[in-house]
Amino acid sequence: MRYAMAIDTKKCVGCSDCVVACQTENDVPIGYCRDWVVEVMDGTYPQLEMELRSERCNHCENSPCVRCCPTGASHYSEGGTVLVTKNECIGCSACVTSCPYDARFVHPEGYVDKCTFCLHRVKKGMQPACVAVCPTKCMYFGDLDDPRSEVSQILKKRKYKTLIPEAGTKPHLYFLI
Amino acid sequence: MKSRREFLKISSLSAAGLIFGGGILDSIASNLVDTNKSFFKGPYDFTRTPTYCEVCFWKCAGWVYKDENGKIKKIIGNDLDPNCNGRFCPRGTGGVGMYYDEDRLKTPLIRTEERGKQTFREASWDEAFEYIASKMKQIKKEHGPESTALFTHGSGGKYFGKLLKAFGSNNITAPSYAQCRGPREVAFISTFGQGINSPENTDIRDTKCLVLIGSHLGENMHNGQVQEMSDAIDKGANIITVDPRFSTVAGKSKHWLPIKPATDNALLLAWMNVIINEGLYDKEYVEKYTFGFDQLKDHVQRYTPEWAYGVTTIKPQQIRETAREMANAAPAVIVHPGRHVTWYGDDTQRLRAVAILNALLGSWGRRGGFYNPEKAEVPHYKLPAFPKPKKNWRDAMGGKYNLADLALASGVCDASIPSPDMDYAIKGWIVNGTNLINTLPDQKKTIQAIQELDLIAVVDTMPMEITGYADVVLPECTYLERYDALRISQGREPSIALRMPAVDPLYNTKPAYWMARELAKKLDLQDYFPFETIEEEIDWELKQVGTSLEEMQRVGVKKLEREFDDLYFADGEDIEFNTNTGKIELYSTALEEEGFEPMPVYSPHPEPAEGFYRLIYGRAPMHTFSRTANNPNLTDLMDENTCWVNPKVAKEWDLSSGQYVFLENQDGVVSEFPIKVRVTERIRFDSIYMVHGFGHADKRMKRCFGKGVSDTQLITNVMTDPIMGGTGMRGNFVTFRTDIKKSEV
C-alpha cells in the first residue's frame, strides 16, 4: 500500500480552505499550518500564466527527514506515510532543515509537526480533511498500489509533475497540469 | 404530513389573528401559541448539530462538531445541501473563529459621549430595550412610524423586519441591493420578467461556455457556483474572462480579455453586433420568444468590433472569435450576470446588455444556460395585519428610481439628511449585521446622516465601526449559538435548512428573535410574536410542510420535490414572460416608459488624471466584506489587504513589494492607514486593485485595527444609476502618497 495525493492545478482556485480544514481537524495552532497554497506567475501583462497549488508534506519514499532524525521520531508508517512520534521528538529541527519542501515546523509545544495525510481519518475509511473539504474537488487521495483508487485513475488519465524531483526524494504528491 | 388536529389548531388561531387584526392588541396572553416543548432539547444531547453558515449570504448548510469537552471543534458541510454539497468554503470552515473571537461584543451598551467616539457604558437588556422603545415611540409621535428604518444583512433581519412592519414602517433595506446586485435584478426583470436572485440560477454545471464580465469566481467563494465551475472545467467547458485584472479565473480561461476598465458596454454591444450580423443567434428562439429584434439589429450596427477595439483595447479578431465561441456552445452558454455590479452608474444598462446577449444565444431557460429555480413554500403563521405605512423612502426620492424593486440602503441614508425639498425624513435607524460605515460609499454622507438621527441602535456580534456611532449596541450571539429562521433557498430543487445552537451563547449575548420579541413587548406589539420561543415558530412552520423540528435536528437539510416540471423550457413550448409585451424584451418597453434608453448604449466614463489610477476592489476567498476581518482563523490566512501595482507603475513611483504607502483619492481623501504594495503583472497599468473589507478604524477589533486600507473610505465619487439608484463605485482614482510615513499615523 502506498498512499498518495494528486492535486489538480487546473481546478484549484487557491482559496486556502484546505489550510483551515486541516487546522480545525488537527488542532493546528493559529499561526502555523501543515498545508498551504502556492501561486506561481509567469509572463508579462497581458501574456500571463498562473499555477495555483495546495502543498503539504510529500510523504517521500526516500525521506531525508526520516534519515536525519537522531531519535527515530520521524518514521514511515502505514501506506508509506511519514509521521513524527511526538514524545520521541526532541525538537532538534534537523528534519525541518533537511526537508526540501519546507513542510515541517516546530509546534509551540516543542515537537516537530507536519501533515499526516489525516491517517486517523483514512483508517476510518474517510478522506483527509483537506481533500474532503475542497470546494473545487481538486484533490484526489488513495493507494497507488490499487489501480482502481481515485488517485491511480487520475494519474493514468492526466499529465502530472512532482516538486523538486532532482532531490531524489520520490515524493507522493502529484500535481496535475 | 400535516395532521388533522394540527390543522384545526391553526384554523382557530388564524381566526383569532383576524379579529386582532383590527388593531386591538391588548389580549396578549391568549394569543400566545401553546406548543409541546418536551422535545426541544438543549444542544448538548447532540454529537453534531445542524446549522447553516452566516459568514456569507450563500448560507451553506453544515454540521457543527464538538470535542469531548463540549467545545466547538469544526464545521463540516452537509452532504444533502444543494448550496454546498457537503463542502464548505474557507470562510465557512473558519466560521468557528466568529465564536472564539475574544473581541466580540459581550453585553448591551449605551453611548456616553457623542456619536462616533466609541465611548459606552454597559447596560442591562431591559435598559437597552427601554431606551430604544421610548425613542421609537417619540419618533412615531413626532414624525410618524415610517420615520424609523431598518438596515439589515443577515438572518436576524427577518425578526427586526417584522417588528418594523408591525410598528408601521416598511423602510427595510439591505445594502446588498443598491450597493451590489440591484442593477442585475432590474435588468433581468425588464428583459425576462424575472430576476436572478440568490443563489443564482446559472446552470454552470452543464455549461459549455462560461463568460465572466469582471466576475471573479473563485475569489468570490460563492460556493455552489465555484463548485460547478470546477465541474464544468472537468467536463471541458471553455471560460471567457473579461477583466482588467488577471483574476484567478482568468488563469483558468481559454480567453482572457484584459479590457480597459469602464468600457464593458462597448464589448457587449460589439458581441451583439457580431452575433447578429454573422447570423449566429438562435433564430427560432429569438423569433418565438423575443420582442424588438429588428430595432436591436439596427441599433447595434454602429458598434462594430473595429469600433470597440478603440474603446476597449480588445482586438477585433478576439471579439469575433469569442462571440463565435459563445454561439458554438449555445444554448449551453452563460454570459454571467455577476453579483456585485454597481460600478459606473450605467450598470442596469450593462446588465441589460448581458441579458440581451443571453437571449440572443437562447440560453435563458436552457440546460447549461439559466434554469428556472424553485423555492419551497413554507407557510408563515398568520399574524394580525400590519398597519399600512403612509409614506416610505421613495417619497424622499423626487419620483426617481421607480424601477427599483427593493428599497435602496443609500436612498434611506439620503432620506435621513433633512432637506427643504423633503417633507419627510427618517429619524431612527436599526442596523442589523451590516457595517454601514464600510458598506455605503461616501462615508462622509453616511456619518452626516447618522449625526442627524434621533436614534441609532446597532445589532452585531462584533464591535464594527457602525457600533461606534450607535446610541445603543445590542450584542447578538453568533450563528453557532442560536436558532434562526429556516433557510429557504431557491435552486434546481427547493430545499430548507435548519440552524440550531451548538452551544449556549457566550457572554451576555442574545439571538435576534429574542431581542425583536422583547422590543415588541415594550412597543405593545407582542401579538406579532405569538410564539414565546423561535423553536416553537420553526416547529409550527416545519409541520406545515410535512416535517418537524425534531426531524430537522437530525437531518439539517431537507430537499422538497419541485412543484412544477419546468426546470428548462420544453422544445417549442409557448411561454408568457412577465413583461409588458409578454416576450423577452430586447427592446425594453418598461425602460422606455420611464424615459430611459430602451436598448443599451455605450457612453464613456471619466478616466484617471496623470499620476492617478482607477481604484478597483474585489474579494478574497477567505473573507466576507468586513465581517470576517477580525476572525482569528481567517486573519491567519490573510490579515491585511495589499495594493496591486503593475511593475511599470511601480518603477515610475519607485515602489517595491512589501513597502507601505498611503493612498489619496481624486477628492483629496487620504487613506487613514497605509497599505502594503504588491507589485504584480496581474493588474493593468491604469488601475490598482485591493480586496474590500480592510482598514478597520475601531480599536476594539484588535486583530484588524489599522490593517490595510478601506476602499470604502476612498470611494467618495458615487455614480448613481438613474434607473434604479444603484451606487456606482468604480469611478474613483487614487495616487500614492509616499511622503507620509507609516509611523506618522
# chains A, B, ... in the order shown; residues from 1 in each chain; ligands from 1
call {"tool": "interface_residues", "arguments": {"of": "chain B", "to": "chain A", "cutoff": "7 Å", "atoms": "only C-alpha atoms", "output": "PyMOL selection string"}}
result
chain B and resi 73-74+87-90+93-94+218+223+226-227+230+248+251-252+258+621-622+633+636+681-682
call {"tool": "write_last_selection", "arguments": {"atoms": "C-alpha atoms", "output": "PDB file, in the first residue's frame"}}
result
ATOM      1  CA  LYS B  73     -14.122  21.898  17.130  1.00  0.00           C
ATOM      2  CA  LYS B  74     -15.052  22.113  13.471  1.00  0.00           C
ATOM      3  CA  ARG B  87     -18.113  21.106   1.162  1.00  0.00           C
ATOM      4  CA  PHE B  88     -17.794  24.408   2.978  1.00  0.00           C
ATOM      5  CA  CYS B  89     -15.587  27.215   1.713  1.00  0.00           C
ATOM      6  CA  PRO B  90     -12.685  28.553   3.825  1.00  0.00           C
ATOM      7  CA  THR B  93     -14.786  26.172   7.703  1.00  0.00           C
ATOM      8  CA  GLY B  94     -13.231  29.078   9.603  1.00  0.00           C
ATOM      9  CA  GLY B 218     -13.070  31.555  -7.053  1.00  0.00           C
ATOM     10  CA  ASN B 223     -19.645  28.115  -3.014  1.00  0.00           C
ATOM     11  CA  VAL B 226     -17.353  27.733  -7.687  1.00  0.00           C
ATOM     12  CA  GLN B 227     -18.033  24.024  -7.311  1.00  0.00           C
ATOM     13  CA  SER B 230     -14.822  23.286 -11.310  1.00  0.00           C
ATOM     14  CA  THR B 248      -7.747  33.579 -10.541  1.00  0.00           C
ATOM     15  CA  GLY B 251      -5.787  31.989 -15.196  1.00  0.00           C
ATOM     16  CA  LYS B 252      -8.210  29.161 -15.940  1.00  0.00           C
ATOM     17  CA  PRO B 258      -7.761  42.377 -20.412  1.00  0.00           C
ATOM     18  CA  PRO B 621     -11.853  33.772  -0.896  1.00  0.00           C
ATOM     19  CA  MET B 622     -11.090  33.754   2.828  1.00  0.00           C
ATOM     20  CA  ASN B 633      -8.882  31.633  11.838  1.00  0.00           C
ATOM     21  CA  ASP B 636      -4.407  33.785   9.989  1.00  0.00           C
ATOM     22  CA  GLU B 681       1.835  41.670 -13.579  1.00  0.00           C
ATOM     23  CA  ARG B 682      -1.722  40.698 -12.739  1.00  0.00           C
TER      24      ARG B 682
END
call {"tool": "residues_around", "arguments": {"residues": "Cys95 in chain A", "least_positions_apart": "5", "cutoff": "12 Å", "atoms": "only C-alpha atoms", "output": "PDB file with C-alpha atoms, in the first residue's frame"}}
result
ATOM      1  CA  CYS A  57       4.411  17.098   3.199  1.00  0.00           C
ATOM      2  CA  SER A  63      12.664  10.895   3.014  1.00  0.00           C
ATOM      3  CA  PRO A  64      15.630  12.987   4.139  1.00  0.00           C
ATOM      4  CA  CYS A  65      13.707  13.811   7.307  1.00  0.00           C
ATOM      5  CA  VAL A  66      13.452  10.163   8.353  1.00  0.00           C
ATOM      6  CA  ARG A  67      17.090   9.586   7.525  1.00  0.00           C
ATOM      7  CA  CYS A  68      18.390  12.502   9.545  1.00  0.00           C
ATOM      8  CA  CYS A  69      16.204  12.090  12.652  1.00  0.00           C
ATOM      9  CA  PRO A  70      18.517  11.299  15.582  1.00  0.00           C
ATOM     10  CA  THR A  71      15.835   9.678  17.754  1.00  0.00           C
ATOM     11  CA  GLY A  72      13.756   7.785  15.220  1.00  0.00           C
ATOM     12  CA  ALA A  73      10.741  10.013  15.931  1.00  0.00           C
ATOM     13  CA  SER A  74      10.376  10.620  12.184  1.00  0.00           C
ATOM     14  CA  HIS A  75       9.379   7.325  10.661  1.00  0.00           C
ATOM     15  CA  VAL A  82       5.817   9.809   7.019  1.00  0.00           C
ATOM     16  CA  LEU A  83       4.942  10.588  10.637  1.00  0.00           C
ATOM     17  CA  VAL A  84       6.537  12.064  13.744  1.00  0.00           C
ATOM     18  CA  CYS A  89      10.878  14.071  19.150  1.00  0.00           C
ATOM     19  CA  ILE A  90      13.407  16.326  20.886  1.00  0.00           C
ATOM     20  CA  PRO A 100      13.355  20.346   0.559  1.00  0.00           C
ATOM     21  CA  TYR A 101       9.640  21.221   0.649  1.00  0.00           C
ATOM     22  CA  ASP A 102       9.722  23.175   3.914  1.00  0.00           C
ATOM     23  CA  ALA A 103       6.818  21.043   5.118  1.00  0.00           C
ATOM     24  CA  ARG A 104       7.759  20.807   8.794  1.00  0.00           C
ATOM     25  CA  PHE A 105       7.589  23.225  11.689  1.00  0.00           C
ATOM     26  CA  VAL A 106       8.272  23.177  15.400  1.00  0.00           C
ATOM     27  CA  TYR A 111       7.916  18.821  18.916  1.00  0.00           C
ATOM     28  CA  VAL A 112       8.032  18.846  15.126  1.00  0.00           C
ATOM     29  CA  ASP A 113       4.701  18.750  13.383  1.00  0.00           C
ATOM     30  CA  LYS A 114       3.536  18.196   9.815  1.00  0.00           C
TER      31      LYS A 114
END
call {"tool": "atom_distance", "arguments": {"atom1": "CA of Val335 in chain B", "atom2": "CA of Phe188 in chain B"}}
result
12.3 Å
call {"tool": "closest_atom_pairs", "arguments": {"of": "range 243-288 of chain B", "to": "range 338-356 of chain B", "cutoff": "8 Å", "atoms": "only C-alpha atoms", "output": "tab-separated table"}}
result
residue	atom	partner	partner_atom	distance
B:Ala262	CA	B:Tyr344	CA	6.9
B:Asp264	CA	B:Arg350	CA	7.4
B:Asn265	CA	B:Arg350	CA	5.6
B:Leu268	CA	B:Ala353	CA	6.2
B:Leu269	CA	B:Ala353	CA	7.0
call {"tool": "write_last_selection", "arguments": {"atoms": "N, CA and C atoms", "output": "PDB file, in the first residue's frame"}}
result
ATOM      1  N   ALA B 262     -14.079  50.188 -17.376  1.00  0.00           N
ATOM      2  CA  ALA B 262     -15.225  51.074 -17.643  1.00  0.00           C
ATOM      3  C   ALA B 262     -15.676  51.059 -19.092  1.00  0.00           C
ATOM      4  N   ASP B 264     -16.900  48.039 -20.608  1.00  0.00           N
ATOM      5  CA  ASP B 264     -17.551  46.738 -20.835  1.00  0.00           C
ATOM      6  C   ASP B 264     -18.735  46.832 -21.791  1.00  0.00           C
ATOM      7  N   ASN B 265     -19.492  47.933 -21.692  1.00  0.00           N
ATOM      8  CA  ASN B 265     -20.668  48.059 -22.568  1.00  0.00           C
ATOM      9  C   ASN B 265     -20.278  48.007 -24.047  1.00  0.00           C
ATOM     10  N   LEU B 268     -19.754  44.387 -24.996  1.00  0.00           N
ATOM     11  CA  LEU B 268     -21.030  43.651 -25.037  1.00  0.00           C
ATOM     12  C   LEU B 268     -21.809  44.004 -26.303  1.00  0.00           C
ATOM     13  N   LEU B 269     -21.803  45.292 -26.666  1.00  0.00           N
ATOM     14  CA  LEU B 269     -22.520  45.727 -27.873  1.00  0.00           C
ATOM     15  C   LEU B 269     -21.837  45.176 -29.123  1.00  0.00           C
TER      16      LEU B 269
END
call {"tool": "select_by_dssp", "arguments": {"residues": "range 361-522 of chain B", "states": "helix (DSSP H, G or I)", "output": "ChimeraX atom specification"}}
result
/B:393-396,409-414,436-439,443-452,465-469,479-481,512-522
call {"tool": "write_last_selection", "arguments": {"atoms": "N, CA and C atoms", "output": "short mmCIF file (atom, residue, chain, number, x, y, z; two decimals), in the first residue's frame"}}
result
data_model
loop_
_atom_site.label_atom_id
_atom_site.label_comp_id
_atom_site.auth_asym_id
_atom_site.auth_seq_id
_atom_site.Cartn_x
_atom_site.Cartn_y
_atom_site.Cartn_z
N TRP B 393 -39.39 55.62 1.89
CA TRP B 393 -38.17 56.28 1.38
C TRP B 393 -38.37 56.85 -0.01
N ARG B 394 -39.23 56.23 -0.83
CA ARG B 394 -39.43 56.71 -2.20
C ARG B 394 -39.93 58.16 -2.22
N ASP B 395 -40.69 58.51 -1.15
CA ASP B 395 -41.23 59.87 -1.10
C ASP B 395 -40.13 60.91 -0.99
N ALA B 396 -38.96 60.47 -0.59
CA ALA B 396 -37.84 61.42 -0.48
C ALA B 396 -36.98 61.42 -1.74
N ALA B 409 -30.63 51.11 0.25
CA ALA B 409 -29.98 51.47 1.52
C ALA B 409 -29.45 52.90 1.42
N SER B 410 -28.86 53.22 0.26
CA SER B 410 -28.33 54.56 0.06
C SER B 410 -29.48 55.58 0.03
N GLY B 411 -30.64 55.16 -0.48
CA GLY B 411 -31.81 56.04 -0.52
C GLY B 411 -32.32 56.34 0.87
N VAL B 412 -32.37 55.32 1.72
CA VAL B 412 -32.81 55.53 3.11
C VAL B 412 -31.80 56.43 3.83
N CYS B 413 -30.53 56.23 3.52
CA CYS B 413 -29.49 57.08 4.12
C CYS B 413 -29.69 58.54 3.68
N ASP B 414 -29.90 58.74 2.37
CA ASP B 414 -30.15 60.09 1.86
C ASP B 414 -31.38 60.72 2.52
N LEU B 436 -22.43 49.68 8.07
CA LEU B 436 -22.74 50.70 7.05
C LEU B 436 -21.58 51.65 6.76
N ILE B 437 -20.71 51.86 7.73
CA ILE B 437 -19.58 52.78 7.52
C ILE B 437 -18.69 52.24 6.38
N ASN B 438 -18.58 50.94 6.31
CA ASN B 438 -17.74 50.32 5.27
C ASN B 438 -18.56 49.73 4.13
N THR B 439 -19.86 49.92 4.16
CA THR B 439 -20.72 49.29 3.16
C THR B 439 -21.27 50.32 2.19
N GLN B 443 -18.47 57.86 2.83
CA GLN B 443 -18.56 57.76 4.30
C GLN B 443 -19.00 59.05 4.96
N LYS B 444 -18.57 60.18 4.38
CA LYS B 444 -18.89 61.47 5.00
C LYS B 444 -20.41 61.65 5.07
N LYS B 445 -21.05 61.27 3.97
CA LYS B 445 -22.51 61.41 3.93
C LYS B 445 -23.18 60.45 4.91
N THR B 446 -22.67 59.23 4.97
CA THR B 446 -23.25 58.26 5.91
C THR B 446 -23.17 58.81 7.33
N ILE B 447 -22.00 59.34 7.68
CA ILE B 447 -21.81 59.85 9.03
C ILE B 447 -22.67 61.09 9.28
N GLN B 448 -22.80 61.94 8.24
CA GLN B 448 -23.68 63.12 8.36
C GLN B 448 -25.11 62.67 8.66
N ALA B 449 -25.57 61.66 7.91
CA ALA B 449 -26.93 61.15 8.11
C ALA B 449 -27.09 60.63 9.54
N ILE B 450 -26.08 59.90 10.01
CA ILE B 450 -26.15 59.32 11.36
C ILE B 450 -26.23 60.43 12.40
N GLN B 451 -25.45 61.50 12.20
CA GLN B 451 -25.45 62.59 13.18
C GLN B 451 -26.79 63.31 13.25
N GLU B 452 -27.59 63.19 12.20
CA GLU B 452 -28.91 63.85 12.17
C GLU B 452 -29.99 63.03 12.88
N GLU B 465 -17.25 49.31 13.02
CA GLU B 465 -17.25 50.77 13.07
C GLU B 465 -18.65 51.34 13.34
N ILE B 466 -19.66 50.74 12.73
CA ILE B 466 -21.02 51.28 12.87
C ILE B 466 -21.46 51.27 14.33
N THR B 467 -20.98 50.29 15.12
CA THR B 467 -21.38 50.27 16.53
C THR B 467 -20.84 51.48 17.27
N GLY B 468 -19.72 52.02 16.79
CA GLY B 468 -19.14 53.20 17.42
C GLY B 468 -20.03 54.43 17.31
N TYR B 469 -20.96 54.40 16.37
CA TYR B 469 -21.88 55.52 16.18
C TYR B 469 -23.23 55.29 16.85
N TYR B 479 -23.99 32.78 15.01
CA TYR B 479 -24.92 31.79 14.45
C TYR B 479 -24.70 30.41 15.05
N LEU B 480 -23.57 30.19 15.69
CA LEU B 480 -23.32 28.87 16.28
C LEU B 480 -24.00 28.72 17.64
N GLU B 481 -24.60 29.82 18.10
CA GLU B 481 -25.19 29.82 19.44
C GLU B 481 -26.69 30.12 19.39
N ALA B 512 -31.38 37.23 17.76
CA ALA B 512 -32.23 38.30 17.21
C ALA B 512 -33.71 38.09 17.55
N TYR B 513 -34.16 36.84 17.48
CA TYR B 513 -35.58 36.59 17.72
C TYR B 513 -35.98 37.11 19.09
N TRP B 514 -35.16 36.76 20.07
CA TRP B 514 -35.46 37.16 21.43
C TRP B 514 -35.44 38.69 21.55
N MET B 515 -34.42 39.32 20.94
CA MET B 515 -34.32 40.79 21.02
C MET B 515 -35.55 41.44 20.40
N ALA B 516 -35.91 40.98 19.21
CA ALA B 516 -37.03 41.60 18.50
C ALA B 516 -38.32 41.42 19.31
N ARG B 517 -38.47 40.26 19.92
CA ARG B 517 -39.70 39.99 20.67
C ARG B 517 -39.75 40.83 21.95
N GLU B 518 -38.60 40.97 22.60
CA GLU B 518 -38.57 41.79 23.82
C GLU B 518 -38.87 43.26 23.48
N LEU B 519 -38.31 43.71 22.36
CA LEU B 519 -38.60 45.08 21.92
C LEU B 519 -40.08 45.23 21.59
N ALA B 520 -40.62 44.20 20.94
CA ALA B 520 -42.05 44.22 20.59
C ALA B 520 -42.90 44.37 21.84
N LYS B 521 -42.49 43.70 22.91
CA LYS B 521 -43.25 43.80 24.17
C LYS B 521 -43.28 45.25 24.65
N LYS B 522 -42.11 45.89 24.58
CA LYS B 522 -42.01 47.28 25.03
C LYS B 522 -42.84 48.22 24.15
#
call {"tool": "closest_atom_pairs", "arguments": {"of": "range 82-156 of chain B", "to": "range 417-434 of chain B", "cutoff": "10 Å", "atoms": "only C-alpha atoms", "output": "CSV"}}
result
residue,atom,partner,partner_atom,distance
B:Ile132,CA,B:Ile430,CA,9.2
B:Lys135,CA,B:Gly428,CA,8.2
B:Met136,CA,B:Gly428,CA,7.1
B:Ile139,CA,B:Lys427,CA,6.8
B:Lys140,CA,B:Lys427,CA,9.4
B:Glu142,CA,B:Lys427,CA,9.8
B:His143,CA,B:Tyr424,CA,7.9
B:Gly144,CA,B:Tyr424,CA,9.5
B:Pro145,CA,B:Ile426,CA,9.6
B:Glu146,CA,B:Ile426,CA,7.5
B:Ser147,CA,B:Ile426,CA,4.2
B:Thr148,CA,B:Gly428,CA,4.4
B:Ala149,CA,B:Trp429,CA,5.0
B:Leu150,CA,B:Ile430,CA,4.8
B:Phe151,CA,B:Val431,CA,4.8
B:Thr152,CA,B:Asn432,CA,4.7
B:His153,CA,B:Gly433,CA,5.3
B:Gly154,CA,B:Gly433,CA,5.9
B:Ser155,CA,B:Gly433,CA,8.6
B:Gly156,CA,B:Asn432,CA,7.2
call {"tool": "closest_residue", "arguments": {"among": "B:Lys510, B:Lys707, B:Lys648, B:Lys208", "to": "Pro674 in chain B", "atoms": "only C-alpha atoms"}}
result
B:Lys707
call {"tool": "select_by_dssp", "arguments": {"residues": "range 21-92 of chain A", "states": "strand (DSSP E or B)", "output": "number ranges by chain"}}
result
A: 36-44, 47-55, 74-76, 82-84
call {"tool": "write_last_selection", "arguments": {"atoms": "C-alpha atoms", "output": "short mmCIF file (atom, residue, chain, number, x, y, z; two decimals), in the first residue's frame"}}
result
data_model
loop_
_atom_site.label_atom_id
_atom_site.label_comp_id
_atom_site.auth_asym_id
_atom_site.auth_seq_id
_atom_site.Cartn_x
_atom_site.Cartn_y
_atom_site.Cartn_z
CA TRP A 36 -0.52 25.90 2.30
CA VAL A 37 -1.25 27.35 -1.13
CA VAL A 38 1.35 28.48 -3.67
CA GLU A 39 0.74 30.88 -6.55
CA VAL A 40 3.28 30.79 -9.39
CA MET A 41 3.09 33.54 -12.00
CA ASP A 42 4.79 33.65 -15.34
CA GLY A 43 4.88 36.21 -18.17
CA THR A 44 4.23 39.92 -18.53
CA GLN A 47 0.60 37.34 -21.67
CA LEU A 48 0.29 35.63 -18.32
CA GLU A 49 0.11 32.18 -16.85
CA MET A 50 -0.64 31.23 -13.31
CA GLU A 51 -0.48 27.99 -11.40
CA LEU A 52 -2.19 27.52 -8.05
CA ARG A 53 -1.50 24.51 -5.93
CA SER A 54 -2.14 23.26 -2.44
CA GLU A 55 1.08 21.89 -0.93
CA SER A 74 10.38 10.62 12.18
CA HIS A 75 9.38 7.32 10.66
CA TYR A 76 7.47 5.61 7.88
CA VAL A 82 5.82 9.81 7.02
CA LEU A 83 4.94 10.59 10.64
CA VAL A 84 6.54 12.06 13.74
#
call {"tool": "closest_residue", "arguments": {"among": "B:Glu594, B:Gly182, B:Glu306, B:Leu360", "to": "Asp282 in chain B", "atoms": "only C-alpha atoms"}}
result
B:Leu360
